[in-house]
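Chemist: Have a look at this one before I ask anything.
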Amino acid sequence: MREIVVLSGKGGTGKTTMVGVFATLAEDAVFADTDVDAANLHVIFNPEVVNKEPFFGSQLPVVDQEECIRCGVCTDMCRFDAVHYGEVDEYNCEGCGVCLHVCSVGAITLKDVLSGYVYDSKTPYGPFFYAELGVAQESSGKLVVRVKEKARQAAKKENKAFLVVDGPPGIGCPAIAAMSGADLILAVTEPTAAGLHDLARVVGLARHFGTTVAVCVNKADLDESMASAIENYCRDEGLVFLGRIPFAKGVVKAQLKRAPGMEQDARPVEEAMKRVWRRALCL
Amino acid sequence: MRRRRLRGVGPVIVAVASGKGGTGKTTVATGLALSLEKEMCFLDCDVEEPNAHLLLHPVIASAEPVYLPVPVFVPDRCSGCGYCLDVCNYNALALIADKVIVFEQMCHGCGGCIGLCPTGTFEEGRRAIGVVEEGRTGKIFFAHGKLNVGEALVPPIIKNLRQRLDTVMPTVIDCPPGASCPVVQSVRGVDFCLAVTEPTPFGRHDLEAVVEMLKILGVPCGVVINRADLGDAGVKDFCNEKGIPVLAEIPFDEEVVRSAAAGVAVTERNPSWRRVFRGLWGEIERLTNYA
């Protein structure tokens with residue numbers, strides 16, 4: 001089984017659309033959406049959910065207000081400015097539990113926090129795993145790890161050829177979790193200064209972890225000269241360049257129909273994306 | 001030290017968020033800052049992928065690393081009791097043959113092991129996880145953070161940036177995408193949040209998460225629909241349902257993409273865009289009673 005993770009650095013370059021097109025192409029794959037902050041692949045996959053698993057990814061201190069003597073030791077010891085004389089600021093809290101250990105009257109306990117849900121589902125394209133992080137929750141990295149774990153298990157059990165992972169934007173904890181263990185990173189970028197800048201950071205991250213990266217430029221004809229600059233960057237950096245994908249206003253129609261396949265006016269986009277995938281599979 | 005600021009006191013602080021990535025946060029945030037032609041403060045809190053400097057071209061005057069504290073093991077002092085392992089909630093320590101090994105990448109810098117070891121085994125060291133740079137462009141005071149490639153922890157850099165907020169000038173904060181901890185750290189305590197979205201099912205789905213988050217944080221918001229002609233009515237229906245004002249609808253325009261490709265803010269390439277952003281700022285001032 002080969003694991004291909006689609007990343008971009010910059011958001012909105014077309015990761016999910018790209019994975020959707022792969023779904024119409026491949027018959028032997030498992031899919032996972034690891035953009036748990038803003039999961040979108042299920043919107044076009046219309047999955048039939050077969051299991052919903054609660055995910056407890058972090059902990060928060062609970063202070064027994066009757067026991068608390070407002071001594072402030074917790075406040076002195078907390079490095080995150082998250083507990084103030086027995087009052088917890090849950091958005092600053094990192095769940096380290098130091099306050100519990102230092103509390104002079106033992107008034108603090110830690111409780112598990114429901115961070116979100118992981119879904120196992122069936123789609124016409126293969127098994128699909130995704131998650132939704134609770135509103136304003138943390139520990140998205142751990143949730144990504146859980147989604148990937150389940151998707152890998154399914155891929156192995158059903159002996160699938162591919163695990164295709166729709167990744168999050170950025171290069172921080174969710175992106176690192178999504179990237180870990182990948183055989184190939186397919187980086188989708190766009191012909192803007194930000195697209196190139198953010199691509200370079202994703203490439204840096206992939207090198208840090210020793211993972212192979214291949215690049216494609218989406219919406220390339222919106223600025224051919226910038227697309228060429230990105231292609232040159234790839235050549236200079238020794239990265240595989242998989243191709244340019246044109247822009248079409250009609251791409252959005254597939255999303256509006258909530259299906260991964262494109263209509264007539266976006267066919268060239270779909271064809272270009274399929275070409276990129278076929279090349280990626282040769283790597 | 002705690003810095004709290006009463007909402008509505010001092011110049012307005014506006015965050016620009018989106019949920020879905022690539023909807024135009026940075027275009028809108030830089031557009032606002034460049035159109036007003038007054039002293040402004042601009043914070044780019046998307047520390048994983050900071051992009052505003054590519055359009056604003058600030059002259060950077062200072063660069064300070066952001067450090068996390070890390071424990072440094074001093075062998076002679078350790079009694080091998082293993083209490084530090086119980087305290088560490090991140091599995092960042094291991095006791096192997098009377099030596100404590102520190103996995104720095106796992107450590108969140110809580111200082112628990114350092115402060116609680118009965119024999120004072122750990123000294124406090126530090127390691128840089130990113131950098132905060134400050135500078136200026138025209139009338140705009142600019143600051144952004146950059147996470148070092150390979151590092152995972154974003155909130156400490158955003159908190160550091162937010163402490164640089166100048167309370168004598170109006171401020172625009174360019175947020176990261178999503179609706180989880182980095183965004184929460186970026187929008188907490190601001191006066192108003194602009195949610196930039198696109199009129200697609202993806203845009204609506206992710207906007208719903210942002211609106212929900214802002215409700216919990218008690219931050220008032222308004223919506224900007226970008227590429228307003230490429231999609232359906234889903235986002236507007238949602239805004240109507242929830243009573244959220246739609247403050248601007250910006251049609252798809254290749255000029256915006258070409259500007260972004262060239263690394264030029266669209267307001268500088270074509271000054272007629274300033275009207276759009278001045279109008280938007282006027283709406284924000286009206287809604288926050290600053291005008």
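Going through the structure tokens in order, the chains are called A, B, and so on, while each chain numbers its residues from 1 and the ligands are numbered from 1 in the order shown.
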Excluding Ile173 of chain B and its own-chain neighbours fewer than 6 positions away, which residues fall within 10 Å of it when counting only C-alpha atoms? Please give them as a list in words.
Modeler: Ile13, Val14, Ala15, Val16, Ala17, Lys25, Thr26, Ala29, Thr30, Ala33, Cys41, Phe42, Leu43, Asp44, Cys45, Asp46, Ala143, His144, Arg162, Leu165, Ser186, Val187, Val190, Cys193 and Leu194 of chain B
Chemist: Write out as a PyMOL selection string each polymer residue whose atoms come within 10 Å of segment 60-68 of chain A, counting only C-alpha atoms; drop sequence neighbours fewer than 3 positions from it.
Modeler: chain A and resi 71-72+82-83+85-91+93-100+103-113
Chemist: Write a file of the just-selected residues containing C-alpha atoms, as a PDB file, in the first residue's frame.
Modeler:
```pdb
ATOM      1  CA  CYS A  71      -3.269  30.856  47.353  1.00  0.00           C
ATOM      2  CA  GLY A  72      -2.108  31.500  43.790  1.00  0.00           C
ATOM      3  CA  ALA A  82      -4.007  29.783  31.999  1.00  0.00           C
ATOM      4  CA  VAL A  83      -4.975  29.605  35.661  1.00  0.00           C
ATOM      5  CA  TYR A  85      -6.096  31.915  41.553  1.00  0.00           C
ATOM      6  CA  GLY A  86      -8.182  28.870  40.773  1.00  0.00           C
ATOM      7  CA  GLU A  87      -9.877  30.255  37.671  1.00  0.00           C
ATOM      8  CA  VAL A  88      -9.028  28.421  34.469  1.00  0.00           C
ATOM      9  CA  ASP A  89      -8.634  30.120  31.084  1.00  0.00           C
ATOM     10  CA  GLU A  90      -9.375  27.108  28.905  1.00  0.00           C
ATOM     11  CA  TYR A  91      -8.170  28.711  25.674  1.00  0.00           C
ATOM     12  CA  CYS A  93      -4.486  26.039  28.842  1.00  0.00           C
ATOM     13  CA  GLU A  94      -2.215  23.430  27.254  1.00  0.00           C
ATOM     14  CA  GLY A  95      -3.388  20.657  29.583  1.00  0.00           C
ATOM     15  CA  CYS A  96       0.044  20.102  31.131  1.00  0.00           C
ATOM     16  CA  GLY A  97      -1.351  19.381  34.605  1.00  0.00           C
ATOM     17  CA  VAL A  98       1.326  21.293  36.534  1.00  0.00           C
ATOM     18  CA  CYS A  99      -1.385  23.149  38.491  1.00  0.00           C
ATOM     19  CA  LEU A 100      -2.751  19.840  39.742  1.00  0.00           C
ATOM     20  CA  CYS A 103      -2.079  22.868  44.304  1.00  0.00           C
ATOM     21  CA  SER A 104      -1.576  23.249  48.048  1.00  0.00           C
ATOM     22  CA  VAL A 105      -4.986  21.819  48.959  1.00  0.00           C
ATOM     23  CA  GLY A 106      -5.409  19.245  46.170  1.00  0.00           C
ATOM     24  CA  ALA A 107      -8.404  21.076  44.718  1.00  0.00           C
ATOM     25  CA  ILE A 108      -7.514  20.457  41.066  1.00  0.00           C
ATOM     26  CA  THR A 109      -8.254  17.427  38.905  1.00  0.00           C
ATOM     27  CA  LEU A 110      -7.869  16.944  35.153  1.00  0.00           C
ATOM     28  CA  LYS A 111     -10.803  16.023  32.969  1.00  0.00           C
ATOM     29  CA  ASP A 112     -10.674  14.637  29.454  1.00  0.00           C
ATOM     30  CA  VAL A 113     -11.994  16.999  26.812  1.00  0.00           C
TER      31      VAL A 113
END
```
Chemist: Determine, counting only C-alpha atoms, which protein, DNA and RNA residues have an atom within 6 Å of an atom of Gly11 of chain A; residues of the same chain fewer than 3 positions away are not included. Present the result as a ChimeraX atom specification.
Modeler: /A:169 /B:21-22
Chemist: To one decimal place, how far is atom CA of Gly112 of chain B from atom CA of Cys84 of chain B in Å?
Modeler: 7.6 Å
Chemist: Closest to chain A among B:Gln185, B:Asn160, B:Asn226, B:Ser79, using only C-alpha atoms?
Modeler: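 Of all the options, B:Gln185 lies closest to chain A.
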Chemist: Only residues of chain A matter here; which ones have an atom within 6 Å of chain B, counting only C-alpha atoms? Give them as a count of residues only.
Modeler: 22
Chemist: Taking only C-alpha atoms into account, which of B:Val131, B:Ile101, B:Arg275, B:Val224 comes nearest Ile250 of chain B?
Modeler: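 Of B:Val131, B:Ile101, B:Arg275, B:Val224, the one nearest Ile250 of chain B, counting only C-alpha atoms, is B:Val224.
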Chemist: Residues at most 8 Å from Leu242 of chain A, counting only C-alpha atoms, excluding those fewer than 6 positions away in the same chain, as a count of residues only?
Modeler: 6
Chemist: Would you compute the distance between atom CA of Glu249 of chain B and atom CA of Gly167 of chain A? Give it in Å to one decimal.
Modeler: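 We find that atom CA of Glu249 of chain B and atom CA of Gly167 of chain A lie 28.9 Å from each other.
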Chemist: Can you pull out the residues contacting segment 117-127 of chain B? Cut-off 8 Å, using only C-alpha atoms, and skip same-chain residues under 2 positions away; I want them as a PDB file with N, CA and C atoms, in the first residue's frame.
Modeler:
```pdb
ATOM      1  N   TYR B  67      11.218  31.675  22.040  1.00  0.00           N
ATOM      2  CA  TYR B  67      11.778  30.491  22.681  1.00  0.00           C
ATOM      3  C   TYR B  67      10.722  29.730  23.468  1.00  0.00           C
ATOM      4  N   LEU B  68      10.927  28.440  23.565  1.00  0.00           N
ATOM      5  CA  LEU B  68      10.193  27.617  24.526  1.00  0.00           C
ATOM      6  C   LEU B  68      11.206  27.154  25.566  1.00  0.00           C
ATOM      7  N   PRO B  69      10.789  27.149  26.831  1.00  0.00           N
ATOM      8  CA  PRO B  69      11.706  26.596  27.826  1.00  0.00           C
ATOM      9  C   PRO B  69      11.814  25.084  27.655  1.00  0.00           C
ATOM     10  N   VAL B  70      13.008  24.550  27.843  1.00  0.00           N
ATOM     11  CA  VAL B  70      13.165  23.088  27.798  1.00  0.00           C
ATOM     12  C   VAL B  70      14.013  22.642  28.999  1.00  0.00           C
ATOM     13  N   PRO B  71      13.719  21.460  29.540  1.00  0.00           N
ATOM     14  CA  PRO B  71      14.531  20.959  30.641  1.00  0.00           C
ATOM     15  C   PRO B  71      15.887  20.466  30.137  1.00  0.00           C
ATOM     16  N   VAL B  72      16.933  20.769  30.914  1.00  0.00           N
ATOM     17  CA  VAL B  72      18.264  20.231  30.614  1.00  0.00           C
ATOM     18  C   VAL B  72      18.655  19.325  31.781  1.00  0.00           C
ATOM     19  N   PHE B  73      18.884  18.072  31.483  1.00  0.00           N
ATOM     20  CA  PHE B  73      19.145  17.068  32.512  1.00  0.00           C
ATOM     21  C   PHE B  73      20.571  17.183  33.066  1.00  0.00           C
ATOM     22  N   VAL B  74      20.690  17.234  34.400  1.00  0.00           N
ATOM     23  CA  VAL B  74      22.019  17.252  35.037  1.00  0.00           C
ATOM     24  C   VAL B  74      22.180  15.908  35.766  1.00  0.00           C
ATOM     25  N   PRO B  75      23.004  15.005  35.251  1.00  0.00           N
ATOM     26  CA  PRO B  75      23.023  13.601  35.697  1.00  0.00           C
ATOM     27  C   PRO B  75      23.269  13.406  37.200  1.00  0.00           C
ATOM     28  N   ASP B  76      24.223  14.136  37.774  1.00  0.00           N
ATOM     29  CA  ASP B  76      24.610  13.863  39.158  1.00  0.00           C
ATOM     30  C   ASP B  76      23.488  14.076  40.169  1.00  0.00           C
ATOM     31  N   ARG B  77      22.511  14.900  39.808  1.00  0.00           N
ATOM     32  CA  ARG B  77      21.484  15.248  40.789  1.00  0.00           C
ATOM     33  C   ARG B  77      20.329  14.257  40.814  1.00  0.00           C
ATOM     34  N   CYS B  78      20.178  13.437  39.767  1.00  0.00           N
ATOM     35  CA  CYS B  78      18.981  12.606  39.608  1.00  0.00           C
ATOM     36  C   CYS B  78      19.031  11.398  40.557  1.00  0.00           C
ATOM     37  N   SER B  79      17.883  11.179  41.264  1.00  0.00           N
ATOM     38  CA  SER B  79      17.817  10.025  42.163  1.00  0.00           C
ATOM     39  C   SER B  79      17.156   8.829  41.464  1.00  0.00           C
ATOM     40  N   TYR B  83       9.583  10.681  39.144  1.00  0.00           N
ATOM     41  CA  TYR B  83       8.431  11.565  39.359  1.00  0.00           C
ATOM     42  C   TYR B  83       8.204  12.477  38.151  1.00  0.00           C
ATOM     43  N   CYS B  84       9.284  12.917  37.528  1.00  0.00           N
ATOM     44  CA  CYS B  84       9.161  13.803  36.361  1.00  0.00           C
ATOM     45  C   CYS B  84       8.348  13.150  35.242  1.00  0.00           C
ATOM     46  N   CYS B 113       8.571  19.449  35.014  1.00  0.00           N
ATOM     47  CA  CYS B 113       9.700  18.640  35.475  1.00  0.00           C
ATOM     48  C   CYS B 113      10.755  19.505  36.153  1.00  0.00           C
ATOM     49  N   ILE B 114      10.960  20.705  35.621  1.00  0.00           N
ATOM     50  CA  ILE B 114      11.987  21.594  36.174  1.00  0.00           C
ATOM     51  C   ILE B 114      11.587  22.033  37.586  1.00  0.00           C
ATOM     52  N   GLY B 115      10.329  22.440  37.724  1.00  0.00           N
ATOM     53  CA  GLY B 115       9.887  22.988  39.005  1.00  0.00           C
ATOM     54  C   GLY B 115       9.593  21.938  40.061  1.00  0.00           C
ATOM     55  N   ILE B 129      11.636  28.271  18.517  1.00  0.00           N
ATOM     56  CA  ILE B 129      10.681  27.575  17.643  1.00  0.00           C
ATOM     57  C   ILE B 129      10.239  28.461  16.480  1.00  0.00           C
TER      58      ILE B 129
END
```
Chemist: Fewer than 5 positions away in the same chain doesn't count, so skip those; otherwise give me all residues within 9 Å of segment 38-40 of chain B, counting only C-alpha atoms, as a compact mmCIF listing (two decimals) with C-alpha atoms, in the first residue's frame.
Modeler:
```txt
# COMPACT_ATOMS: atom_id res chain seq x y z
CA ALA B 33 -4.48 48.46 5.88
CA GLY B 138 4.42 53.53 4.64
CA LYS B 139 2.15 54.39 7.55
CA ILE B 140 1.77 50.78 8.62
CA PHE B 141 3.56 49.26 11.60
CA PHE B 142 4.02 45.65 10.66
CA MET B 169 -3.56 52.73 16.50
CA PRO B 170 -6.29 50.81 14.72
CA THR B 171 -5.10 47.28 14.09
CA VAL B 172 -5.71 44.65 11.43
```
Chemist: B:Val219, B:Gly10, B:Glu268, B:Asn240: which is nearest Val256 of chain B, counting only C-alpha atoms?
Modeler: B:Glu268
